[in-house]
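Printed here is start35.cif (mmCIF, C-alpha atoms):
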```cif
data_input
loop_
_atom_site.label_atom_id
_atom_site.label_comp_id
_atom_site.auth_asym_id
_atom_site.auth_seq_id
_atom_site.Cartn_x
_atom_site.Cartn_y
_atom_site.Cartn_z
CA MET G 1 -12.93 -18.92 -14.86
CA GLY G 2 -12.71 -20.94 -11.66
CA GLY G 3 -10.57 -24.01 -10.93
CA ARG G 4 -6.81 -23.73 -10.93
CA ASN G 5 -7.04 -20.41 -12.80
CA ILE G 6 -8.24 -18.74 -9.57
CA TRP G 7 -4.63 -18.80 -8.38
CA THR G 8 -2.48 -19.41 -11.48
CA LEU G 9 -3.50 -16.14 -13.13
CA PRO G 10 -3.06 -13.85 -10.07
CA VAL G 11 0.30 -15.56 -9.38
CA THR G 12 1.52 -15.26 -12.99
CA PHE G 13 0.57 -11.62 -13.48
CA PRO G 14 2.87 -10.03 -10.83
CA LEU G 15 5.79 -12.29 -11.74
CA ILE G 16 5.63 -11.34 -15.44
CA MET G 17 4.88 -7.75 -14.41
CA ALA G 18 8.21 -7.74 -12.54
CA ALA G 19 9.96 -8.80 -15.77
CA GLY G 20 8.23 -5.90 -17.56
CA GLY G 21 9.24 -3.61 -14.70
CA ILE G 22 12.90 -4.60 -15.06
CA LEU G 23 12.65 -3.86 -18.80
CA GLY G 24 11.32 -0.40 -17.95
CA MET G 25 14.03 0.20 -15.35
CA SER G 26 16.77 -0.79 -17.80
CA GLY G 27 15.72 1.88 -20.31
CA PHE G 28 14.62 -0.65 -22.94
CA ALA G 29 12.30 1.10 -25.42
CA LEU G 30 9.00 -0.79 -25.53
CA PRO G 31 6.65 0.79 -28.10
CA HIS G 32 2.92 1.37 -27.62
CA VAL G 33 2.85 0.59 -23.89
CA GLU G 34 -0.22 2.75 -23.27
CA LEU G 35 -2.05 1.06 -26.12
CA GLY G 36 -1.16 -2.32 -24.62
CA ILE G 37 -2.56 -1.26 -21.23
CA ALA G 38 -5.75 0.07 -22.86
CA LEU G 39 -6.11 -3.15 -24.87
CA SER G 40 -5.77 -5.17 -21.66
CA VAL G 41 -8.80 -3.34 -20.25
CA PHE G 42 -10.73 -3.87 -23.51
CA VAL G 43 -9.87 -7.55 -24.03
CA LEU G 44 -10.38 -8.61 -20.39
CA GLY G 45 -13.64 -6.64 -20.19
CA LEU G 46 -14.79 -8.33 -23.40
CA ALA G 47 -13.85 -11.74 -21.98
CA ILE G 48 -16.14 -11.07 -18.98
CA ALA G 49 -18.94 -9.70 -21.19
CA LEU G 50 -18.87 -12.76 -23.47
CA ALA G 51 -18.34 -15.15 -20.52
CA TRP G 52 -15.34 -16.50 -22.43
CA LYS G 53 -13.70 -19.41 -20.66
CA ALA G 54 -10.32 -19.38 -22.36
CA PRO G 55 -8.06 -22.46 -22.23
CA GLU G 56 -5.48 -22.07 -19.47
CA TRP G 57 -2.53 -21.55 -21.84
CA VAL G 58 -4.38 -18.86 -23.80
CA ALA G 59 -5.36 -17.06 -20.59
CA LEU G 60 -1.78 -17.24 -19.28
CA LEU G 61 -0.37 -15.95 -22.59
CA LEU G 62 -2.78 -13.00 -22.68
CA ILE G 63 -2.14 -12.18 -19.03
CA ALA G 64 1.62 -12.34 -19.59
CA LEU G 65 1.46 -9.96 -22.58
CA PHE G 66 -0.60 -7.42 -20.65
CA ALA G 67 1.49 -7.81 -17.50
CA VAL G 68 4.64 -6.80 -19.40
CA CYS G 69 2.95 -3.52 -20.44
CA HIS G 70 1.70 -2.76 -16.91
CA GLY G 71 5.06 -3.63 -15.32
CA TYR G 72 7.00 -1.58 -17.86
CA ALA G 73 4.99 1.56 -17.05
CA HIS G 74 5.77 1.17 -13.33
CA GLY G 75 9.40 0.18 -13.92
CA VAL G 76 10.20 3.37 -15.81
CA GLU G 77 9.32 5.41 -12.72
CA LEU G 78 10.78 3.12 -10.04
CA PRO G 79 14.52 3.99 -10.08
CA ASN G 80 13.79 7.66 -9.36
CA ALA G 81 11.25 7.08 -6.59
CA VAL G 82 12.10 8.61 -3.20
CA ASP G 83 11.79 5.19 -1.54
CA PRO G 84 12.10 2.53 -4.29
CA ALA G 85 11.52 -0.36 -1.86
CA SER G 86 8.17 1.01 -0.69
CA TYR G 87 7.26 1.97 -4.27
CA ALA G 88 7.94 -1.55 -5.59
CA ILE G 89 6.15 -3.31 -2.73
CA GLY G 90 3.30 -0.79 -2.86
CA PHE G 91 2.50 -1.10 -6.54
CA VAL G 92 2.80 -4.89 -6.58
CA VAL G 93 0.57 -5.24 -3.50
CA ALA G 94 -1.93 -2.69 -4.87
CA THR G 95 -2.09 -4.65 -8.15
CA GLY G 96 -2.57 -7.88 -6.20
CA LEU G 97 -5.31 -6.38 -4.03
CA ILE G 98 -7.13 -5.29 -7.17
CA HIS G 99 -6.95 -8.93 -8.35
CA VAL G 100 -8.31 -10.14 -5.01
CA ALA G 101 -11.12 -7.57 -5.24
CA GLY G 102 -11.85 -8.77 -8.78
CA ILE G 103 -12.04 -12.40 -7.63
CA ALA G 104 -14.38 -11.40 -4.79
CA ILE G 105 -16.62 -9.36 -7.11
CA GLY G 106 -16.67 -12.23 -9.62
CA LEU G 107 -17.65 -14.73 -6.92
CA LEU G 108 -20.34 -12.41 -5.51
CA LEU G 109 -21.87 -11.27 -8.79
CA GLY G 110 -21.31 -14.41 -10.85
CA ARG G 111 -24.59 -16.07 -9.78
CA PRO G 112 -27.32 -13.37 -9.53
CA TRP G 113 -29.46 -12.96 -12.71
CA LYS G 114 -27.57 -15.89 -14.27
CA GLY G 115 -24.40 -13.82 -14.40
CA GLN G 116 -25.97 -11.02 -16.46
CA LEU G 117 -24.88 -8.37 -13.95
CA SER G 118 -21.21 -9.34 -14.06
CA ARG G 119 -21.37 -9.60 -17.86
CA ALA G 120 -22.84 -6.10 -18.06
CA LEU G 121 -20.01 -4.83 -15.85
CA GLY G 122 -17.55 -6.56 -18.18
CA ALA G 123 -19.11 -4.77 -21.14
CA ALA G 124 -18.72 -1.45 -19.32
CA ILE G 125 -15.04 -2.26 -18.68
CA ALA G 126 -14.56 -3.13 -22.37
CA VAL G 127 -16.10 0.19 -23.44
CA THR G 128 -13.74 2.01 -21.05
CA GLY G 129 -10.80 0.11 -22.55
CA LEU G 130 -11.94 1.06 -26.06
CA TYR G 131 -12.08 4.73 -24.97
CA PHE G 132 -8.52 4.54 -23.58
CA ALA G 133 -7.27 2.74 -26.70
CA THR G 134 -8.82 5.37 -28.97
CA GLY G 135 -7.29 8.10 -26.82
CA SER G 136 -3.82 6.62 -27.09
CA LEU G 137 -4.13 6.19 -30.88
CA LEU G 138 -5.45 9.67 -31.67
CA PRO G 139 -2.92 12.52 -31.65
CA MET Z 1 -0.84 -27.13 6.69
CA ASN Z 2 0.68 -29.81 8.89
CA ALA Z 3 -0.78 -28.91 12.24
CA SER Z 4 -4.29 -30.11 12.89
CA PRO Z 5 -6.56 -27.09 13.38
CA ALA Z 6 -8.64 -29.15 15.83
CA ASN Z 7 -5.64 -29.83 18.09
CA PRO Z 8 -6.46 -28.12 21.44
CA SER Z 9 -2.80 -27.66 22.40
CA ARG Z 10 -2.22 -25.93 19.09
CA ARG Z 11 -5.14 -23.61 19.74
CA ASP Z 12 -3.58 -22.85 23.13
CA LEU Z 13 -0.28 -22.04 21.43
CA GLU Z 14 -2.01 -19.66 19.02
CA ALA Z 15 -3.72 -18.01 21.97
CA VAL Z 16 -0.29 -17.66 23.60
CA CYS Z 17 1.03 -16.13 20.34
CA ILE Z 18 -1.78 -13.53 20.32
CA ALA Z 19 -1.16 -12.82 24.02
CA ALA Z 20 2.60 -12.52 23.41
CA ALA Z 21 2.09 -10.03 20.56
CA ILE Z 22 -0.29 -7.99 22.74
CA ILE Z 23 2.14 -8.11 25.68
CA VAL Z 24 5.06 -6.96 23.49
CA VAL Z 25 3.05 -4.03 22.16
CA SER Z 26 1.74 -3.20 25.69
CA ILE Z 27 5.25 -3.21 27.14
CA ALA Z 28 6.44 -0.96 24.35
CA VAL Z 29 3.50 1.43 24.80
CA GLY Z 30 4.10 1.37 28.59
CA LEU Z 31 7.77 2.16 28.07
CA ARG Z 32 6.85 4.87 25.59
CA LEU Z 33 4.70 6.56 28.25
CA SER Z 34 6.88 5.98 31.30
CA VAL Z 35 10.47 6.65 30.23
CA PRO Z 36 11.91 10.12 29.63
CA GLU Z 37 10.74 11.87 26.46
CA GLU Z 38 14.03 11.65 24.54
CA ILE Z 39 14.24 7.87 25.10
CA ALA Z 40 10.50 7.39 24.47
CA ASP Z 41 10.87 8.76 20.95
CA TYR Z 42 13.48 6.13 20.19
CA VAL Z 43 11.28 3.36 21.64
CA GLY Z 44 8.23 4.46 19.66
CA ASN Z 45 10.10 4.95 16.39
CA GLY Z 46 11.97 1.67 16.78
CA LEU Z 47 8.82 -0.31 17.56
CA MET Z 48 6.98 1.08 14.55
CA LEU Z 49 9.91 0.71 12.14
CA PRO Z 50 8.94 -2.78 10.84
CA ALA Z 51 5.33 -1.64 10.43
CA PHE Z 52 6.19 1.44 8.37
CA ARG Z 53 8.81 -0.17 6.11
CA TYR Z 54 6.70 -2.21 3.69
CA GLY Z 55 9.85 -3.96 2.47
CA LEU Z 56 10.23 -5.38 5.98
CA LEU Z 57 6.58 -5.74 6.91
CA PHE Z 58 5.41 -8.01 4.09
CA PRO Z 59 8.28 -10.53 4.31
CA LEU Z 60 7.73 -10.69 8.09
CA ILE Z 61 4.01 -11.37 7.58
CA ALA Z 62 4.94 -14.05 5.00
CA CYS Z 63 7.40 -15.56 7.48
CA GLY Z 64 4.63 -15.78 10.11
CA PHE Z 65 2.31 -17.26 7.48
CA ILE Z 66 4.89 -19.98 6.70
CA LEU Z 67 5.63 -20.72 10.36
CA SER Z 68 1.92 -21.11 11.13
CA GLY Z 69 1.93 -24.26 8.98
CA GLU Z 70 4.63 -25.93 11.07
CA ARG Z 71 4.09 -28.46 13.84
CA THR Z 72 4.34 -27.01 17.34
CA VAL Z 73 7.91 -28.17 18.05
CA ALA Z 74 9.17 -26.99 14.65
CA LEU Z 75 7.31 -23.71 15.10
CA VAL Z 76 9.00 -23.00 18.44
CA ALA Z 77 12.40 -24.08 17.05
CA ASN Z 78 12.02 -21.81 14.02
CA LEU Z 79 10.96 -18.89 16.21
CA ALA Z 80 14.16 -19.49 18.19
CA VAL Z 81 16.16 -19.45 14.92
CA LEU Z 82 14.47 -16.18 13.95
CA ALA Z 83 15.18 -14.59 17.35
CA SER Z 84 18.81 -15.78 17.31
CA ALA Z 85 19.41 -14.45 13.79
CA LEU Z 86 17.75 -11.16 14.79
CA TRP Z 87 20.00 -10.90 17.86
CA PHE Z 88 23.06 -11.68 15.70
CA GLY Z 89 22.03 -9.01 13.19
CA LEU Z 90 21.52 -6.45 15.96
CA GLN Z 91 24.61 -7.24 18.03
CA ARG Z 92 27.27 -8.94 15.95
CA ALA Z 93 26.78 -8.36 12.22
CA GLU Z 94 27.38 -4.59 12.14
CA PRO Z 95 31.19 -4.75 12.58
CA ILE Z 96 31.39 -7.45 9.88
CA VAL Z 97 29.39 -5.33 7.42
CA ILE Z 98 31.37 -2.18 8.23
CA SER Z 99 34.70 -3.97 7.73
CA HIS Z 100 33.65 -4.94 4.20
CA GLU Z 101 33.18 -1.61 2.43
CA GLN Z 102 31.67 -2.99 -0.77
CA LEU Z 103 29.09 -5.02 1.15
CA ALA Z 104 28.21 -2.05 3.36
CA GLY Z 105 27.86 0.20 0.30
CA LEU Z 106 25.58 -2.29 -1.42
CA ILE Z 107 23.36 -2.60 1.65
CA VAL Z 108 23.17 1.14 2.31
CA ARG Z 109 22.59 2.22 -1.30
CA TYR Z 110 20.30 -0.55 -2.47
CA PRO Z 111 17.45 -2.43 -0.76
CA VAL Z 112 19.23 -5.77 -1.12
CA LEU Z 113 18.28 -6.81 2.41
CA THR Z 114 14.56 -6.43 1.81
CA ALA Z 115 14.96 -8.12 -1.58
CA ALA Z 116 16.67 -11.11 0.07
CA MET Z 117 13.90 -11.33 2.69
CA GLY Z 118 11.22 -11.14 0.00
CA VAL Z 119 12.80 -13.75 -2.28
CA THR Z 120 13.28 -16.35 0.47
CA SER Z 121 9.90 -15.88 2.16
CA GLY Z 122 7.98 -15.40 -1.13
CA GLY Z 123 9.72 -18.38 -2.74
CA ALA Z 124 8.86 -20.58 0.23
CA LEU Z 125 5.19 -19.55 0.00
CA LEU Z 126 5.06 -20.48 -3.69
CA LEU Z 127 6.40 -23.98 -3.03
CA PRO Z 128 4.08 -26.86 -2.08
CA ILE Z 129 3.98 -27.35 1.71
CA ARG Z 130 5.99 -30.61 1.64
CA ALA Z 131 8.71 -29.11 -0.54
CA ARG Z 132 9.05 -26.04 1.64
CA GLN Z 133 9.96 -27.95 4.84
CA TRP Z 134 13.74 -27.65 4.42
CA LEU Z 135 13.43 -23.97 3.48
CA VAL Z 136 11.57 -22.86 6.64
CA PRO Z 137 14.70 -22.49 8.87
CA VAL Z 138 16.39 -20.60 6.00
CA VAL Z 139 13.43 -18.20 5.82
CA SER Z 140 13.48 -17.71 9.61
CA ALA Z 141 17.23 -17.06 9.68
CA SER Z 142 17.13 -14.79 6.61
CA CYS Z 143 14.23 -12.69 7.95
CA GLY Z 144 15.82 -12.39 11.41
CA LEU Z 145 19.27 -11.42 10.11
CA CYS Z 146 17.98 -8.96 7.49
CA LEU Z 147 15.60 -7.37 10.01
CA GLY Z 148 18.42 -6.95 12.54
CA LEU Z 149 20.76 -5.41 9.95
CA SER Z 150 18.01 -3.10 8.65
CA ILE Z 151 17.31 -1.85 12.17
CA ILE Z 152 21.03 -1.26 12.79
CA LEU Z 153 21.39 0.62 9.50
CA GLU Z 154 18.38 2.81 10.34
CA SER Z 155 19.56 3.34 13.91
CA PRO Z 156 20.45 6.95 14.73
CA GLY Z 157 23.84 5.78 16.05
CA ASP Z 158 23.92 7.97 19.13
CA TYR Z 159 23.68 7.41 22.89
CA TYR Z 160 20.07 6.16 22.77
CA SER Z 161 20.37 3.90 19.71
CA GLY Z 162 20.26 0.83 21.97
CA TRP Z 163 16.65 1.68 22.84
CA PHE Z 164 15.84 2.08 19.15
CA SER Z 165 17.40 -1.28 18.20
CA SER Z 166 15.74 -3.20 21.03
CA ALA Z 167 12.34 -1.70 20.24
CA GLY Z 168 12.82 -2.43 16.52
CA GLY Z 169 13.61 -6.08 17.29
CA LEU Z 170 10.56 -6.35 19.54
CA GLY Z 171 8.35 -4.76 16.88
CA GLY Z 172 9.59 -7.21 14.24
CA MET Z 173 9.01 -10.22 16.49
CA ALA Z 174 5.51 -8.92 17.32
CA VAL Z 175 4.66 -8.75 13.59
CA VAL Z 176 5.81 -12.37 13.05
CA ILE Z 177 4.06 -13.70 16.16
CA ALA Z 178 0.81 -11.88 15.34
CA SER Z 179 0.93 -13.26 11.78
CA ILE Z 180 1.38 -16.81 13.10
CA ALA Z 181 -1.63 -16.39 15.35
CA VAL Z 182 -3.83 -14.84 12.66
CA ALA Z 183 -2.88 -17.38 9.95
CA GLY Z 184 -3.23 -20.26 12.44
CA SER Z 185 -6.68 -19.11 13.51
CA ALA Z 186 -7.74 -18.51 9.89
CA GLN Z 187 -7.08 -22.18 9.06
CA ARG Z 188 -10.22 -23.08 11.01
CA ILE Z 189 -12.41 -21.10 8.60
CA GLY Z 190 -13.58 -23.35 5.77
CA SER Z 191 -11.34 -26.13 4.43
CA GLY Z 192 -8.15 -24.13 4.69
CA SER Z 193 -7.33 -24.68 1.00
CA TRP Z 194 -8.12 -21.03 0.26
CA LEU Z 195 -5.36 -20.12 2.72
CA ALA Z 196 -2.86 -22.01 0.54
CA VAL Z 197 -4.13 -20.02 -2.47
CA ALA Z 198 -3.76 -16.78 -0.50
CA GLY Z 199 -0.24 -17.85 0.48
CA ARG Z 200 0.75 -18.47 -3.15
CA ILE Z 201 -0.65 -15.10 -4.21
CA LEU Z 202 1.22 -13.32 -1.36
CA GLY Z 203 4.37 -15.24 -2.34
CA SER Z 204 4.13 -14.10 -5.95
CA TRP Z 205 3.71 -10.47 -4.82
CA LEU Z 206 6.84 -10.71 -2.69
CA ILE Z 207 8.91 -12.38 -5.42
CA ALA Z 208 7.81 -9.79 -8.00
CA ALA Z 209 8.62 -6.82 -5.74
CA SER Z 210 11.92 -8.38 -4.64
CA LEU Z 211 13.06 -9.06 -8.22
CA MET Z 212 12.52 -5.40 -9.03
CA LEU Z 213 14.38 -4.31 -5.89
CA ALA Z 214 17.28 -6.64 -6.75
CA ALA Z 215 17.33 -5.16 -10.26
CA LEU Z 216 17.80 -1.69 -8.73
CA ALA Z 217 21.33 -2.73 -7.73
CA ILE Z 218 22.18 -3.55 -11.35
CA VAL Z 219 20.23 -1.02 -13.40
CA PRO Z 220 21.82 2.46 -13.51
CA LYS Z 221 19.69 5.35 -12.24
CA ARG Z 222 18.52 7.47 -15.15
CA PRO Z 223 17.92 11.22 -14.88
CA LEU Z 224 14.29 12.32 -14.91
CA GLU Z 225 13.09 14.35 -17.87
CA SER Z 226 12.99 17.81 -16.35
CA ALA Z 227 10.55 20.54 -17.28
CA PRO Z 228 11.94 23.35 -19.47
CA MET Z 229 13.51 26.21 -17.55
CA PRO Z 230 11.42 29.41 -17.37
CA THR Z 231 12.38 32.09 -19.82
CA ALA Z 232 14.33 35.06 -18.54
CA ILE Z 233 12.28 37.84 -16.93
CA PRO Z 234 12.37 41.03 -18.99
CA ASP Z 235 14.40 43.86 -17.44
CA ASP Z 236 11.42 46.24 -17.31
CA VAL Z 237 9.34 44.02 -14.98
CA ASP Z 238 9.45 45.21 -11.34
CA LEU Z 239 9.09 42.10 -9.17
CA MET Z 240 8.88 44.13 -5.94
CA ARG Z 241 5.95 46.28 -7.07
CA GLN Z 242 2.78 45.78 -5.02
CA PRO Z 243 -0.42 45.01 -7.01
#
```
Produce structure tokens that represent the structure in this file.
Amino acid sequence: MGGRNIWTLPVTFPLIMAAGGILGMSGFALPHVELGIALSVFVLGLAIALAWKAPEWVALLLIALFAVCHGYAHGVELPNAVDPASYAIGFVVATGLIHVAGIAIGLLLGRPWKGQLSRALGAAIAVTGLYFATGSLLP
Amino acid sequence: MNASPANPSRRDLEAVCIAAAIIVVSIAVGLRLSVPEEIADYVGNGLMLPAFRYGLLFPLIACGFILSGERTVALVANLAVLASALWFGLQRAEPIVISHEQLAGLIVRYPVLTAAMGVTSGGALLLPIRARQWLVPVVSASCGLCLGLSIILESPGDYYSGWFSSAGGLGGMAVVIASIAVAGSAQRIGSGSWLAVAGRILGSWLIAASLMLAALAIVPKRPLESAPMPTAIPDDVDLMRQP
């Protein structure tokens, strides 16, 4: 997406994810979390495949929705971790490093073959997301 | 960043920072090898404490990152604030914490210290550089004090705990100094604007993790869903029989 989004999205995601994590820790029942996580893989993969440059507010809204689902799943487990401090720091940093890796891959593969390679990878991610979503819907 | 990357005296200072971090680690390794075994264990464990506690390590790296953007005089002054707060935490704060039972209970049971370190250092990284100026001494003092208290609380509390505390303080200072040197040197690569982006991303990680840690003190711990108990073994099964 480039521009300001290079840092606004990776900064927004962990902050909203923390809010989702606190929801999970508090015992709040959030339905269809796994479906939300699977849909995040599908939608974001599709966005790469279609080279969709969403307006900033749309991108932030989507990221925030998905971040709540991801944070909730971690937050449910956090209070009972052996070392909650290391757990919290570890999963946030791991999530952030995945973002950094994604930015690096996007910058490296965005140019070759007019971006076809990165779009193909996006399509593969979307298919994986669809598989996860189907799995969470089927009994 | 305020300091000019091309400033030779600043480059010298960063070289001194790298040398200082290496010297601290060398002294600690030398002590580890030369002093009696029982003391050496305390030195080694104390030195590595800030490196193995991610809740301490990342705020200390962020603190070094923030300090690297300061002018030389402010950098040295803030390092002095950090060292003073660390010394206070190691030497003077323990009796105060122990005399206030509720405060001691909160610190021992919940990672409020690491959350406080993360919120101040992460918040400062998220702010624009001009707006963060007044917050830098607060970050230095907060990181130093929380590090000192964390080391004291992890200290074995026996005859050799002085070695453990001193080594822990040295290890923490080495992490900050090394981060200053690395972030300062990294400013010379490219325009340096990507370093501000990296700083904001690191800041958001710290804030997110710290908010969750702070929430631990409020949210009650829920029991895990345990697996069903095994059914009773029938009376006619001989457990001692060899196959």
Mind listing whatever residues come within 7 Å of the point (8.5, -11.6, -2.7)? Use all atoms listed in the file, file coordinates, and give them as a list in words.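 Those residues lying close to the given coordinates are Gly118, Val119, Ser121, Gly122, Gly123, Gly203, Ser204, Trp205, Leu206, Ile207, Ala208, Ala209 and Ser210 of chain Z.
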Exercise answer, chain G residues close to chain Z, 6 Å and only C-alpha atoms, as an MDAnalysis selection string: chainID G and resid 11 14:15 18 26 79 85:86 88:89 92
List the residues selected by the PyMOL selection byres ((chain Z and resi 139) around 10) in the file shown, writing them as a ChimeraX atom specification. /Z:59-60,62-63,66-67,78,81-82,116-124,132,134-138,140-145
Can you spell out as a VMD selection string the set of residues that the PyMOL selection byres ((chain Z and resi 28) around 12) selects in the structure I just provided? chain Z and resid 21 to 27 29 to 35 39 to 48 163 to 164 166 to 171 174
Measure the distance from CA of Ala19 (chain Z) to CA of Ala183 (chain Z) in Å and round it to one decimal.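 The value is 14.9 Å.
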Could you give me, as JSON, numbers by chain, the residues that sit within 12 Å of (8.3, 5.9, -12.0) in the file's coordinates, counting all atoms listed in the file? {"G": [21, 22, 24, 25, 27, 70, 71, 72, 73, 74, 75, 76, 77, 78, 79, 80, 81, 82, 83, 84, 87, 88, 91], "Z": [221, 222, 223, 224, 225]}
Closest to Ala64 (chain G) among G:Ser40, G:Thr12, G:Thr95, G:Ser118, using only C-alpha atoms?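 Counting only C-alpha atoms, the residue closest to Ala64 (chain G) is G:Thr12.
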Write out as a list in words which residues come within 10 Å of Gly106 (chain G) when counting only C-alpha atoms, dropping same-chain ones fewer than 4 positions away.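 Residues meeting the cut-off are Met1, Gly2, Ile48, Val100, Ala101, Gly102, Gly110, Arg111, Gly115, Ser118 and Arg119 of chain G.
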So how many Å separate CA of Gly184 (chain Z) and CA of Leu9 (chain G), to one decimal?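 CA of Leu9 (chain G) lies 25.9 Å from CA of Gly184 (chain Z).
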Can you tell me how far CA of Leu44 (chain G) sits from CA of Leu130 (chain G), in Å to one decimal?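 Atom-to-atom, CA of Leu44 (chain G) and CA of Leu130 (chain G) are spaced 11.3 Å apart.
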Here is a test: counting all atoms listed in the file, which residue of Z:Val76, Z:Ala131, Z:Arg92, Z:Ser99 is nearest to Val16 (chain Z)?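 Of Z:Val76, Z:Ala131, Z:Arg92, Z:Ser99, the one nearest Val16 (chain Z) is Z:Val76, counting all atoms listed in the file.
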Here is a test: counting only C-alpha atoms, which residue of G:Cys69, G:Gly90, G:Ile6, G:Leu138 is nearest to Leu23 (chain G)? G:Cys69
Output the residue selection produced by the PyMOL selection byres ((chain G and resi 49) around 10) on the file above, formatted as a PyMOL selection string. chain G and resi 43-48+50-52+115-126
